[in-house]
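Q: For reference, the file entry.tsv (TSV, C-alpha atoms) is included below:
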chain	number	residue	atom	x	y	z
Z	153	MET	CA	-169.58	-79.99	190.13
Z	154	THR	CA	-172.79	-78.13	190.85
Z	155	GLN	CA	-175.41	-80.19	192.58
Z	156	ALA	CA	-178.41	-81.05	190.43
Z	157	THR	CA	-181.62	-79.20	191.22
Z	158	LEU	CA	-185.22	-79.98	191.95
Z	159	ASP	CA	-187.68	-77.18	191.21
Z	160	PHE	CA	-190.80	-76.98	193.33
Z	161	TYR	CA	-193.62	-74.69	192.14
Z	162	PHE	CA	-196.48	-73.92	194.49
Z	163	ASP	CA	-199.26	-71.46	195.23
Z	164	TYR	CA	-199.85	-70.67	198.90
Z	165	SER	CA	-203.56	-71.04	198.20
Z	166	SER	CA	-203.06	-74.67	197.15
Z	167	PRO	CA	-203.63	-77.30	199.87
Z	168	TYR	CA	-201.76	-79.90	197.82
Z	169	GLY	CA	-198.93	-77.36	197.53
Z	170	TYR	CA	-198.87	-77.19	201.32
Z	171	LEU	CA	-198.87	-80.98	201.70
Z	172	ALA	CA	-196.02	-81.19	199.19
Z	173	SER	CA	-194.06	-78.51	201.08
Z	174	GLU	CA	-194.04	-80.80	204.10
Z	175	ARG	CA	-192.60	-83.75	202.14
Z	176	ILE	CA	-190.45	-82.47	199.30
Z	177	GLU	CA	-187.31	-81.61	201.27
Z	178	ALA	CA	-186.89	-85.27	202.23
Z	179	VAL	CA	-187.11	-86.26	198.56
Z	180	ALA	CA	-184.55	-83.63	197.52
Z	181	ALA	CA	-182.19	-84.66	200.31
Z	182	ARG	CA	-182.51	-88.36	199.49
Z	183	HIS	CA	-181.35	-87.71	195.93
Z	184	ASN	CA	-178.80	-84.99	196.70
Z	185	ARG	CA	-180.74	-82.34	194.85
Z	186	THR	CA	-180.74	-78.63	195.61
Z	187	LEU	CA	-184.36	-77.74	196.20
Z	188	ARG	CA	-185.50	-74.50	194.58
Z	189	TRP	CA	-188.75	-73.05	195.93
Z	190	HIS	CA	-190.94	-71.14	193.45
Z	191	PRO	CA	-194.04	-69.41	194.79
Z	192	ILE	CA	-196.41	-68.74	191.88
Z	193	LEU	CA	-199.82	-67.17	191.34
Z	194	LEU	CA	-202.13	-69.81	189.92
Z	195	GLY	CA	-204.85	-67.24	189.28
Z	196	ALA	CA	-202.88	-65.75	186.40
Z	197	ILE	CA	-202.15	-69.22	185.03
Z	198	PHE	CA	-205.77	-70.38	185.34
Z	199	LYS	CA	-206.82	-67.43	183.17
Z	200	LEU	CA	-204.58	-68.87	180.48
Z	201	THR	CA	-205.67	-72.50	180.85
Z	202	GLY	CA	-209.35	-71.89	181.53
Z	203	GLN	CA	-209.23	-73.74	184.84
Z	204	GLN	CA	-211.18	-72.81	187.95
Z	205	PRO	CA	-210.22	-73.20	191.61
Z	206	LEU	CA	-210.64	-76.89	192.52
Z	207	THR	CA	-212.99	-76.33	195.43
Z	208	GLU	CA	-215.38	-74.25	193.32
Z	209	ALA	CA	-216.18	-76.98	190.79
Z	210	PRO	CA	-219.47	-78.84	191.34
Z	211	LEU	CA	-219.00	-82.40	192.68
Z	212	LYS	CA	-215.21	-82.13	192.40
Z	213	GLY	CA	-215.12	-79.40	195.04
Z	214	ASP	CA	-216.67	-81.54	197.78
Z	215	TYR	CA	-214.37	-84.42	196.93
Z	216	ALA	CA	-211.37	-82.10	196.98
Z	217	ILE	CA	-211.98	-80.89	200.53
Z	218	LYS	CA	-212.52	-84.45	201.72
Z	219	ASP	CA	-209.31	-85.47	199.98
Z	220	PHE	CA	-207.18	-82.63	201.42
Z	221	ASN	CA	-208.01	-83.93	204.88
Z	222	ARG	CA	-207.61	-87.60	203.99
Z	223	SER	CA	-204.26	-87.04	202.28
Z	224	ALA	CA	-203.01	-84.96	205.21
Z	225	ARG	CA	-203.97	-87.71	207.69
Z	226	GLN	CA	-202.32	-90.33	205.47
Z	227	PHE	CA	-198.97	-88.57	205.77
Z	228	GLY	CA	-199.38	-87.36	209.35
Z	229	ILE	CA	-199.53	-83.70	208.38
Z	230	ASN	CA	-201.61	-81.23	210.37
Z	231	TYR	CA	-204.41	-79.77	208.27
Z	232	GLN	CA	-207.41	-77.61	209.00
Z	233	HIS	CA	-209.19	-76.50	205.83
Z	234	PRO	CA	-209.04	-72.69	205.98
Z	235	SER	CA	-211.89	-70.26	205.59
Z	236	PRO	CA	-212.06	-68.11	203.55
Z	237	PHE	CA	-210.64	-70.24	200.76
Z	238	PRO	CA	-209.20	-69.78	198.17
Z	239	ILE	CA	-207.30	-66.60	198.92
Z	240	GLY	CA	-205.06	-64.26	196.96
Z	241	SER	CA	-201.48	-65.10	197.76
Z	242	ILE	CA	-199.75	-62.17	196.09
Z	243	ALA	CA	-198.46	-60.56	199.32
Z	244	ALA	CA	-197.11	-63.87	200.58
Z	245	CYS	CA	-195.44	-64.53	197.21
Z	246	ARG	CA	-193.81	-61.11	197.18
Z	247	ALA	CA	-192.56	-61.56	200.73
Z	248	THR	CA	-191.05	-64.93	199.81
Z	249	ILE	CA	-189.33	-63.42	196.80
Z	250	TRP	CA	-188.05	-60.46	198.79
Z	251	ILE	CA	-186.38	-62.89	201.18
Z	252	ARG	CA	-184.74	-64.72	198.27
Z	253	GLU	CA	-183.64	-61.47	196.62
Z	254	ASN	CA	-182.32	-59.92	199.81
Z	255	ASP	CA	-178.61	-59.22	199.64
Z	256	ASN	CA	-178.12	-60.54	203.11
Z	257	ASP	CA	-177.28	-64.23	202.73
Z	258	THR	CA	-178.36	-64.93	206.28
Z	259	VAL	CA	-181.85	-63.77	205.39
Z	260	CYS	CA	-181.89	-65.58	202.04
Z	261	ALA	CA	-181.12	-68.89	203.77
Z	262	LYS	CA	-184.26	-68.44	205.80
Z	263	GLN	CA	-186.52	-68.71	202.75
Z	264	PRO	CA	-187.59	-72.35	203.32
Z	265	ALA	CA	-188.33	-71.66	206.99
Z	266	PHE	CA	-190.43	-68.65	206.00
Z	267	ILE	CA	-192.35	-70.69	203.40
Z	268	HIS	CA	-193.15	-73.33	206.02
Z	269	SER	CA	-194.25	-70.60	208.42
Z	270	VAL	CA	-196.62	-69.06	205.91
Z	271	PHE	CA	-198.11	-72.41	204.87
Z	272	ARG	CA	-198.58	-73.57	208.47
Z	273	ALA	CA	-200.02	-70.21	209.53
Z	274	PHE	CA	-202.72	-70.67	206.88
Z	275	TYR	CA	-203.38	-74.42	206.97
Z	276	VAL	CA	-202.79	-75.19	210.63
Z	277	GLU	CA	-203.27	-72.00	212.61
Z	278	GLY	CA	-206.02	-70.43	210.47
Z	279	LYS	CA	-204.19	-67.10	210.16
Z	280	ASP	CA	-204.98	-64.62	207.40
Z	281	ILE	CA	-201.88	-64.70	205.20
Z	282	THR	CA	-203.29	-62.03	202.90
Z	283	ASP	CA	-202.63	-59.59	205.76
Z	284	ALA	CA	-199.19	-57.95	205.57
Z	285	THR	CA	-198.99	-57.59	209.37
Z	286	VAL	CA	-199.38	-61.37	209.73
Z	287	LEU	CA	-196.55	-61.90	207.24
Z	288	MET	CA	-194.38	-59.37	209.09
Z	289	GLN	CA	-194.94	-61.19	212.37
Z	290	LEU	CA	-193.98	-64.53	210.76
Z	291	ALA	CA	-190.82	-62.87	209.46
Z	292	ALA	CA	-190.02	-61.33	212.83
Z	293	ASP	CA	-190.35	-64.77	214.46
Z	294	LEU	CA	-187.52	-65.91	212.16
Z	295	ASP	CA	-185.39	-62.83	212.97
Z	296	ILE	CA	-186.06	-61.32	209.56
Z	297	ASP	CA	-186.52	-57.58	209.94
Z	298	PRO	CA	-190.26	-56.98	209.47
Z	299	ASP	CA	-189.93	-53.33	208.52
Z	300	SER	CA	-187.47	-54.05	205.73
Z	301	LEU	CA	-189.79	-56.79	204.51
Z	302	ALA	CA	-192.83	-54.52	204.57
Z	303	GLN	CA	-190.93	-51.87	202.65
Z	304	GLY	CA	-189.46	-54.43	200.24
Z	305	ILE	CA	-192.67	-56.07	199.09
Z	306	GLY	CA	-194.03	-52.72	197.95
Z	307	THR	CA	-191.14	-52.00	195.58
Z	308	PRO	CA	-191.35	-52.32	191.78
Z	309	THR	CA	-188.31	-54.60	191.89
Z	310	ILE	CA	-190.13	-57.24	193.90
Z	311	LYS	CA	-193.40	-56.84	192.02
Z	312	ASP	CA	-191.56	-57.28	188.73
Z	313	ALA	CA	-189.60	-60.23	190.06
Z	314	LEU	CA	-192.82	-62.08	190.92
Z	315	ARG	CA	-194.34	-61.29	187.53
Z	316	GLN	CA	-191.20	-62.56	185.82
Z	317	ASP	CA	-191.13	-65.70	187.95
Z	318	ASN	CA	-194.73	-66.43	187.01
Z	319	GLU	CA	-194.01	-65.92	183.33
Z	320	ALA	CA	-190.93	-68.12	183.54
Z	321	ALA	CA	-193.01	-70.83	185.22
Z	322	ILE	CA	-195.60	-70.69	182.43
Z	323	ALA	CA	-192.82	-70.83	179.86
Z	324	ARG	CA	-191.62	-74.07	181.50
Z	325	GLY	CA	-195.15	-75.50	181.23
Z	326	VAL	CA	-196.20	-75.03	184.85
Z	327	PHE	CA	-200.01	-75.04	185.06
Z	328	GLY	CA	-200.81	-76.25	188.57
Z	329	SER	CA	-199.68	-76.58	192.17
Z	330	PRO	CA	-197.65	-78.38	193.20
Z	331	MET	CA	-195.45	-79.02	190.21
Z	332	PHE	CA	-191.94	-80.43	190.33
Z	333	ILE	CA	-189.34	-80.27	187.57
Z	334	ALA	CA	-186.16	-82.33	187.64
Z	335	ASP	CA	-183.86	-82.44	184.60
Z	336	ASP	CA	-186.68	-80.89	182.54
Z	337	GLU	CA	-189.07	-83.69	183.50
Z	338	PRO	CA	-192.30	-82.24	184.95
Z	339	PHE	CA	-194.47	-83.89	187.60
Z	340	TRP	CA	-197.82	-82.46	188.62
Z	341	GLY	CA	-199.53	-83.09	191.93
Z	342	HIS	CA	-198.87	-83.98	195.53
Z	343	ASP	CA	-199.92	-87.50	194.61
Z	344	ARG	CA	-196.97	-87.74	192.22
Z	345	ILE	CA	-194.26	-87.42	194.85
Z	346	GLU	CA	-193.79	-91.19	194.90
Z	347	GLN	CA	-193.46	-91.23	191.11
Z	348	LEU	CA	-190.97	-88.33	191.23
Z	349	ASP	CA	-189.02	-90.12	193.96
Z	350	ARG	CA	-188.86	-93.28	191.88
Z	351	TRP	CA	-187.87	-91.30	188.79
Z	352	LEU	CA	-184.96	-89.67	190.62
Z	353	GLU	CA	-183.90	-93.02	192.03
Z	354	THR	CA	-183.95	-94.90	188.73
Z	355	GLY	CA	-183.02	-92.10	186.36
Z	356	GLY	CA	-186.35	-92.40	184.59
Z	357	TRP	CA	-188.06	-94.94	182.35
W	35	MET	CA	-222.31	-113.09	203.73
W	36	THR	CA	-222.17	-111.14	200.51
W	37	GLN	CA	-218.70	-110.16	199.46
W	38	ALA	CA	-217.95	-106.45	199.78
W	39	THR	CA	-217.77	-104.51	196.54
W	40	LEU	CA	-215.41	-102.17	194.79
W	41	ASP	CA	-217.02	-99.87	192.23
W	42	PHE	CA	-214.91	-98.78	189.28
W	43	TYR	CA	-216.20	-95.91	187.13
W	44	PHE	CA	-214.52	-95.18	183.81
W	45	ASP	CA	-215.00	-93.56	180.43
W	46	TYR	CA	-213.55	-95.44	177.45
W	47	SER	CA	-212.20	-92.12	176.23
W	48	SER	CA	-210.08	-91.75	179.39
W	49	PRO	CA	-206.47	-92.96	179.16
W	50	TYR	CA	-206.20	-93.06	182.97
W	51	GLY	CA	-209.40	-95.12	182.94
W	52	TYR	CA	-207.66	-97.57	180.63
W	53	LEU	CA	-204.53	-97.71	182.80
W	54	ALA	CA	-206.71	-98.33	185.85
W	55	SER	CA	-208.59	-101.11	184.02
W	56	GLU	CA	-205.30	-102.96	183.70
W	57	ARG	CA	-204.54	-102.77	187.43
W	58	ILE	CA	-207.80	-102.68	189.38
W	59	GLU	CA	-208.67	-106.39	189.25
W	60	ALA	CA	-205.52	-107.23	191.20
W	61	VAL	CA	-206.51	-104.71	193.89
W	62	ALA	CA	-210.05	-106.10	194.14
W	63	ALA	CA	-208.75	-109.68	194.32
W	64	ARG	CA	-206.17	-108.81	196.97
W	65	HIS	CA	-208.90	-107.47	199.25
W	66	ASN	CA	-211.61	-110.01	198.35
W	67	ARG	CA	-213.84	-107.41	196.80
W	68	THR	CA	-216.34	-108.00	194.02
W	69	LEU	CA	-215.36	-105.56	191.29
W	70	ARG	CA	-218.24	-103.73	189.64
W	71	TRP	CA	-217.45	-102.10	186.28
W	72	HIS	CA	-219.33	-98.90	185.44
W	73	PRO	CA	-218.82	-97.37	182.00
W	74	ILE	CA	-219.91	-93.74	182.12
W	75	LEU	CA	-220.07	-90.78	179.74
W	76	LEU	CA	-217.85	-88.04	181.09
W	77	GLY	CA	-219.14	-85.58	178.47
W	78	ALA	CA	-222.48	-85.32	180.23
W	79	ILE	CA	-220.75	-84.94	183.60
W	80	PHE	CA	-218.31	-82.30	182.32
W	81	LYS	CA	-221.29	-80.19	181.21
W	82	LEU	CA	-222.38	-80.21	184.83
W	83	THR	CA	-218.98	-79.51	186.36
W	84	GLY	CA	-217.70	-77.10	183.72
W	85	GLN	CA	-214.63	-79.22	182.99
W	86	GLN	CA	-213.06	-79.70	179.60
W	87	PRO	CA	-211.27	-82.73	178.17
W	88	LEU	CA	-207.79	-82.89	179.74
W	89	THR	CA	-205.87	-82.91	176.48
W	90	GLU	CA	-207.63	-79.79	175.23
W	91	ALA	CA	-206.47	-77.51	178.05
W	92	PRO	CA	-203.49	-75.26	177.24
W	93	LEU	CA	-200.23	-76.40	178.94
W	94	LYS	CA	-202.05	-79.15	180.84
W	95	GLY	CA	-202.88	-80.94	177.59
W	96	ASP	CA	-199.25	-81.42	176.54
W	97	TYR	CA	-198.32	-82.60	180.01
W	98	ALA	CA	-201.24	-85.02	180.02
W	99	ILE	CA	-200.17	-86.81	176.85
W	100	LYS	CA	-196.60	-87.06	178.14
W	101	ASP	CA	-197.91	-88.43	181.40
W	102	PHE	CA	-200.21	-91.04	179.83
W	103	ASN	CA	-197.14	-92.55	178.19
W	104	ARG	CA	-194.90	-92.21	181.23
W	105	SER	CA	-197.46	-93.75	183.58
W	106	ALA	CA	-198.10	-96.62	181.15
W	107	ARG	CA	-194.36	-97.35	180.95
W	108	GLN	CA	-194.06	-97.17	184.73
W	109	PHE	CA	-196.56	-100.00	185.13
W	110	GLY	CA	-195.55	-101.98	182.04
W	111	ILE	CA	-198.82	-101.34	180.23
W	112	ASN	CA	-198.94	-101.04	176.44
W	113	TYR	CA	-200.05	-97.58	175.37
W	114	GLN	CA	-200.22	-95.78	172.06
W	115	HIS	CA	-201.98	-92.43	172.35
W	116	PRO	CA	-204.92	-92.72	169.94
W	117	SER	CA	-205.90	-90.33	167.20
W	118	PRO	CA	-208.53	-88.96	166.97
W	119	PHE	CA	-208.81	-88.25	170.67
W	120	PRO	CA	-211.02	-87.75	172.64
W	121	ILE	CA	-213.86	-89.78	171.15
W	122	GLY	CA	-217.51	-90.32	171.95
W	123	SER	CA	-217.82	-93.61	173.81
W	124	ILE	CA	-221.60	-93.96	173.80
W	125	ALA	CA	-221.74	-97.03	171.52
W	126	ALA	CA	-219.04	-98.80	173.56
W	127	CYS	CA	-220.88	-97.94	176.79
W	128	ARG	CA	-224.16	-99.26	175.48
W	129	ALA	CA	-222.51	-102.47	174.29
W	130	THR	CA	-220.93	-102.98	177.72
W	131	ILE	CA	-224.28	-102.44	179.41
W	132	TRP	CA	-226.07	-104.77	177.00
W	133	ILE	CA	-223.63	-107.50	177.99
W	134	ARG	CA	-224.30	-106.88	181.67
W	135	GLU	CA	-228.07	-106.76	181.17
W	136	ASN	CA	-228.20	-109.81	178.96
W	137	ASP	CA	-230.26	-112.61	180.45
W	138	ASN	CA	-227.68	-115.15	179.48
W	139	ASP	CA	-225.36	-115.45	182.49
W	140	THR	CA	-222.60	-116.85	180.32
W	141	VAL	CA	-222.58	-113.63	178.34
W	142	CYS	CA	-222.82	-111.44	181.44
W	143	ALA	CA	-219.69	-113.06	182.88
W	144	LYS	CA	-217.81	-111.90	179.82
W	145	GLN	CA	-218.25	-108.23	180.65
W	146	PRO	CA	-214.74	-107.67	182.08
W	147	ALA	CA	-213.17	-109.44	179.10
W	148	PHE	CA	-215.18	-107.26	176.73
W	149	ILE	CA	-214.15	-104.09	178.58
W	150	HIS	CA	-210.49	-105.06	178.29
W	151	SER	CA	-210.99	-105.80	174.59
W	152	VAL	CA	-212.52	-102.41	173.92
W	153	PHE	CA	-209.87	-100.52	175.90
W	154	ARG	CA	-206.99	-102.38	174.25
W	155	ALA	CA	-208.53	-102.03	170.80
W	156	PHE	CA	-208.45	-98.26	171.30
W	157	TYR	CA	-205.25	-97.70	173.29
W	158	VAL	CA	-203.04	-100.45	171.90
W	159	GLU	CA	-204.35	-101.40	168.47
W	160	GLY	CA	-205.59	-97.96	167.36
W	161	LYS	CA	-209.02	-99.26	166.37
W	162	ASP	CA	-212.02	-96.97	166.04
W	163	ILE	CA	-214.25	-97.99	168.94
W	164	THR	CA	-216.94	-95.51	167.92
W	165	ASP	CA	-217.64	-97.89	165.01
W	166	ALA	CA	-220.34	-100.47	165.82
W	167	THR	CA	-218.80	-103.04	163.46
W	168	VAL	CA	-215.52	-102.87	165.42
W	169	LEU	CA	-217.45	-103.47	168.65
W	170	MET	CA	-219.31	-106.39	167.07
W	171	GLN	CA	-216.05	-107.98	166.00
W	172	LEU	CA	-214.62	-107.63	169.52
W	173	ALA	CA	-217.79	-109.28	170.85
W	174	ALA	CA	-217.60	-112.08	168.29
W	175	ASP	CA	-213.99	-112.77	169.32
W	176	LEU	CA	-215.35	-113.49	172.82
W	177	ASP	CA	-218.14	-115.70	171.48
W	178	ILE	CA	-220.77	-113.08	172.19
W	179	ASP	CA	-223.31	-113.06	169.37
W	180	PRO	CA	-222.55	-109.86	167.40
W	181	ASP	CA	-226.00	-109.62	165.81
W	182	SER	CA	-227.79	-109.76	169.16
W	183	LEU	CA	-225.39	-107.12	170.44
W	184	ALA	CA	-225.96	-104.85	167.45
W	185	GLN	CA	-229.70	-105.19	167.87
W	186	GLY	CA	-229.48	-104.74	171.65
W	187	ILE	CA	-227.55	-101.48	171.74
W	188	GLY	CA	-230.20	-99.78	169.62
W	189	THR	CA	-233.06	-100.55	172.02
W	190	PRO	CA	-234.64	-97.98	174.35
W	191	THR	CA	-233.96	-100.35	177.27
W	192	ILE	CA	-230.21	-100.14	176.83
W	193	LYS	CA	-230.23	-96.42	176.04
W	194	ASP	CA	-232.23	-95.77	179.21
W	195	ALA	CA	-230.01	-98.06	181.26
W	196	LEU	CA	-226.92	-96.05	180.28
W	197	ARG	CA	-228.66	-92.77	181.04
W	198	GLN	CA	-229.73	-94.08	184.43
W	199	ASP	CA	-226.25	-95.42	185.17
W	200	ASN	CA	-224.78	-92.03	184.38
W	201	GLU	CA	-227.29	-90.25	186.61
W	202	ALA	CA	-226.67	-92.73	189.42
W	203	ALA	CA	-222.92	-92.11	189.09
W	204	ILE	CA	-223.43	-88.35	189.34
W	205	ALA	CA	-225.68	-88.89	192.37
W	206	ARG	CA	-222.80	-90.76	194.03
W	207	GLY	CA	-220.48	-87.82	193.32
W	208	VAL	CA	-218.61	-89.30	190.35
W	209	PHE	CA	-217.04	-86.49	188.33
W	210	GLY	CA	-214.03	-88.05	186.62
W	211	SER	CA	-212.40	-91.18	185.25
W	212	PRO	CA	-211.28	-93.37	186.81
W	213	MET	CA	-213.12	-93.16	190.09
W	214	PHE	CA	-213.31	-95.92	192.65
W	215	ILE	CA	-215.80	-96.21	195.50
W	216	ALA	CA	-215.39	-98.66	198.35
W	217	ASP	CA	-217.73	-98.53	201.37
W	218	ASP	CA	-218.87	-95.08	200.20
W	219	GLU	CA	-215.30	-93.77	200.20
W	220	PRO	CA	-214.46	-92.21	196.80
W	221	PHE	CA	-211.01	-92.15	195.19
W	222	TRP	CA	-210.34	-90.25	192.00
W	223	GLY	CA	-207.54	-90.98	189.57
W	224	HIS	CA	-205.29	-93.74	188.32
W	225	ASP	CA	-202.61	-92.26	190.57
W	226	ARG	CA	-204.77	-93.03	193.63
W	227	ILE	CA	-204.73	-96.80	193.23
W	228	GLU	CA	-201.96	-97.11	195.83
W	229	GLN	CA	-203.96	-94.97	198.25
W	230	LEU	CA	-207.10	-97.04	197.60
W	231	ASP	CA	-205.10	-100.24	198.10
W	232	ARG	CA	-203.75	-98.98	201.40
W	233	TRP	CA	-207.22	-97.83	202.48
W	234	LEU	CA	-208.67	-101.29	201.82
W	235	GLU	CA	-205.78	-102.91	203.65
W	236	THR	CA	-205.95	-100.74	206.75
W	237	GLY	CA	-209.69	-100.04	206.86
W	238	GLY	CA	-209.05	-96.33	206.42
W	239	TRP	CA	-207.55	-93.54	208.49
Could you show the structure in this file as structure tokens?

A:
Amino acid sequence: MTQATLDFYFDYSSPYGYLASERIEAVAARHNRTLRWHPILLGAIFKLTGQQPLTEAPLKGDYAIKDFNRSARQFGINYQHPSPFPIGSIAACRATIWIRENDNDTVCAKQPAFIHSVFRAFYVEGKDITDATVLMQLAADLDIDPDSLAQGIGTPTIKDALRQDNEAAIARGVFGSPMFIADDEPFWGHDRIEQLDRWLETGGW
Amino acid sequence: MTQATLDFYFDYSSPYGYLASERIEAVAARHNRTLRWHPILLGAIFKLTGQQPLTEAPLKGDYAIKDFNRSARQFGINYQHPSPFPIGSIAACRATIWIRENDNDTVCAKQPAFIHSVFRAFYVEGKDITDATVLMQLAADLDIDPDSLAQGIGTPTIKDALRQDNEAAIARGVFGSPMFIADDEPFWGHDRIEQLDRWLETGGW
């Protein structure tokens, strides 16, 4: 029998997506779920839903930055609010998808490690993850060939794959980051991990 | 020594505000906090922050209605998503403020009971809480004189008090419903009650 899945949608430019990335593997493991990582581009989705980046809203923006830090401290996760913020995460998304799509299974298995590297480079080390050379260095550190990666993310195949992933996410009702879907049940927000965990444990209510 | 406070801001047209109203007294009691209830008008605040009612956003709106029900079930709270929704809660806000401002201390002490009545009338019984006669009946059921209430909510004093309350809320950074403020620390969302509870227990982190 195939193991049940847990889908995790995130934008690299989402602090709550980063916080969730540090906690979601434990939830998946606890409930014997295969975790599927889906980098998405919220910008395209926000155009559809009329939302704006959280930190740019009056009042809400100040609270949000305070809360990123407070939530990180609560769960013992390193966090340094990056500047500039928000950023365009298209290069990082394409790199992540190239790693998934790569024929070499050894590389494909490194996808979660690469995702953590990119998130931590941005939210802990203050690196510019819009810069392809930064992404190549992160790949090289994981023994993923940086030149193949650099070549790969420029191909129509990878560009189309990201566009299709984003459209598929929208079709499933994804409108924010992080979102989790288990057995077609969607959960939105880092602050819903406990609810998701309880849902998986009880089978829902 | 005066007991420390816990400020609870809500809009009657906010389902998460309603859910929070059913749980927040237990949190305040557990930490020996005087709970202060603040009805606000999110419409005026949304104009400032550029937000739109949650249920009217594409994708997000459908999720929101699903989540109101799921969250209510999780905590064993009765919930029937009202129609029409959202509504203007100005009459209900003014009535709540009139009860607080009333010279008669016996009436003033009934404010929490009245708030629960209004919320449950809307989210459980499907009553039209924009209708002053409905509000008067809810007041009468609590032995609050409905005629004095009806007269009171039309006065400039009460209208000004609501306007001032709303401005004071904005000045404290309130931008959503529910919001909680304890010792100047703000928490936004029904799904942050656990975090608030832990903050009050530990003194923060």

Q: What is the CA of Asp175 in chain W-CA of Gln114 in chain W distance in Å, reported with one decimal?

A: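 One can read the CA of Asp175 in chain W to CA of Gln114 in chain W distance as 22.0 Å.
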
Q: Please report the interatomic distance between CA of Val141 in chain W and CA of Asp177 in chain W in Å with one decimal.

A: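 Distance reported for this atom pair: 8.4 Å.
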
Q: Can you tell me, as a ChimeraX atom specification, which residues sit within 7 Å of (-197.9, -66.2, 194.0) in the file's frame, using all atoms listed in the file?

A: /Z:163-164,191-194,241-242,245

Q: In Å to one decimal, how far is CA of Leu234 in chain W from CA of Leu40 in chain W?

A: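 Atom-to-atom, CA of Leu40 in chain W to CA of Leu234 in chain W, that is 9.8 Å.
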
Q: Contacts of Arg206 in chain W at 10 Å or less, counting all atoms listed in the file, minus same-chain residues fewer than 6 places along, as a ChimeraX atom specification?

A: /Z:211 /W:200,215,218,220

Q: Tell me as a PDB file with C-alpha atoms, keeping the file's coordinate frame which residues belonging to chain Z come within 8 Å of chain W, counting all atoms listed in the file.

A:
ATOM      1  CA  LEU Z 200    -204.580 -68.870 180.480  1.00  0.00           C
ATOM      2  CA  THR Z 201    -205.670 -72.500 180.850  1.00  0.00           C
ATOM      3  CA  GLY Z 202    -209.350 -71.890 181.530  1.00  0.00           C
ATOM      4  CA  GLN Z 203    -209.230 -73.740 184.840  1.00  0.00           C
ATOM      5  CA  ALA Z 209    -216.180 -76.980 190.790  1.00  0.00           C
ATOM      6  CA  PRO Z 210    -219.470 -78.840 191.340  1.00  0.00           C
ATOM      7  CA  LEU Z 211    -219.000 -82.400 192.680  1.00  0.00           C
ATOM      8  CA  LYS Z 212    -215.210 -82.130 192.400  1.00  0.00           C
ATOM      9  CA  TYR Z 215    -214.370 -84.420 196.930  1.00  0.00           C
ATOM     10  CA  ARG Z 222    -207.610 -87.600 203.990  1.00  0.00           C
ATOM     11  CA  ARG Z 225    -203.970 -87.710 207.690  1.00  0.00           C
ATOM     12  CA  GLN Z 226    -202.320 -90.330 205.470  1.00  0.00           C
ATOM     13  CA  GLY Z 325    -195.150 -75.500 181.230  1.00  0.00           C
ATOM     14  CA  VAL Z 326    -196.200 -75.030 184.850  1.00  0.00           C
ATOM     15  CA  PHE Z 327    -200.010 -75.040 185.060  1.00  0.00           C
ATOM     16  CA  PRO Z 338    -192.300 -82.240 184.950  1.00  0.00           C
ATOM     17  CA  ASP Z 343    -199.920 -87.500 194.610  1.00  0.00           C
ATOM     18  CA  ARG Z 344    -196.970 -87.740 192.220  1.00  0.00           C
ATOM     19  CA  TRP Z 357    -188.060 -94.940 182.350  1.00  0.00           C
TER      20      TRP Z 357
END

Q: Residues near Gln289 in chain Z, anyone? I mean within 12 Å using only C-alpha atoms, not counting same-chain ones fewer than 3 positions away, as an NGL selection string.

A: :Z and (247 or 266 or 269-270 or 273 or 279-281 or 283-286 or 292-299 or 301-302)

Q: Around (-207.2, -96.8, 169.5), as given in the file, which residues come within 10 Å? Count all atoms listed in the file and list them as a list in words.

A: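 Protein and nucleic acid residues near the point are Ser47, Tyr113, Gln114, His115, Pro116, Ser117, Pro118, Phe119, Ile121, Val152, Phe153, Arg154, Ala155, Phe156, Tyr157, Val158, Glu159, Gly160, Lys161, Asp162, Ile163 and Thr164 of chain W.
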
Q: Which residues are near Arg67 in chain W? Cut-off 7 Å, all atoms listed in the file, ignore same chain within fewer than 2 positions. Put them as a PDB file with C-alpha atoms, in the coordinates of the input.

A:
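Contents of around.pdb, as written:
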ATOM      1  CA  GLN W  37    -218.700-110.160 199.460  1.00  0.00           C
ATOM      2  CA  ALA W  38    -217.950-106.450 199.780  1.00  0.00           C
ATOM      3  CA  THR W  39    -217.770-104.510 196.540  1.00  0.00           C
ATOM      4  CA  LEU W  40    -215.410-102.170 194.790  1.00  0.00           C
ATOM      5  CA  ALA W  62    -210.050-106.100 194.140  1.00  0.00           C
ATOM      6  CA  ALA W  63    -208.750-109.680 194.320  1.00  0.00           C
ATOM      7  CA  HIS W  65    -208.900-107.470 199.250  1.00  0.00           C
ATOM      8  CA  LEU W  69    -215.360-105.560 191.290  1.00  0.00           C
TER       9      LEU W  69
END

Q: Render range 160-164 of chain Z from the structure in the preceding block as a file of N, CA and C atoms, as an mmCIF file, in the first residue's frame.

A:
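As written to disk, part_4.cif reads:
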data_model
loop_
_atom_site.group_PDB
_atom_site.id
_atom_site.type_symbol
_atom_site.label_atom_id
_atom_site.label_comp_id
_atom_site.auth_asym_id
_atom_site.auth_seq_id
_atom_site.Cartn_x
_atom_site.Cartn_y
_atom_site.Cartn_z
ATOM 1 N N PHE Z 160 2.722 20.115 1.320
ATOM 2 C CA PHE Z 160 3.157 21.345 1.989
ATOM 3 C C PHE Z 160 3.484 22.381 0.925
ATOM 4 N N TYR Z 161 2.680 23.439 0.856
ATOM 5 C CA TYR Z 161 2.867 24.531 -0.105
ATOM 6 C C TYR Z 161 3.504 25.714 0.613
ATOM 7 N N PHE Z 162 4.505 26.298 -0.020
ATOM 8 C CA PHE Z 162 5.190 27.424 0.612
ATOM 9 C C PHE Z 162 5.804 28.333 -0.445
ATOM 10 N N ASP Z 163 5.957 29.600 -0.060
ATOM 11 C CA ASP Z 163 6.726 30.554 -0.861
ATOM 12 C C ASP Z 163 7.988 30.846 -0.058
ATOM 13 N N TYR Z 164 9.129 30.884 -0.707
ATOM 14 C CA TYR Z 164 10.377 31.181 0.006
ATOM 15 C C TYR Z 164 10.350 32.571 0.635
#
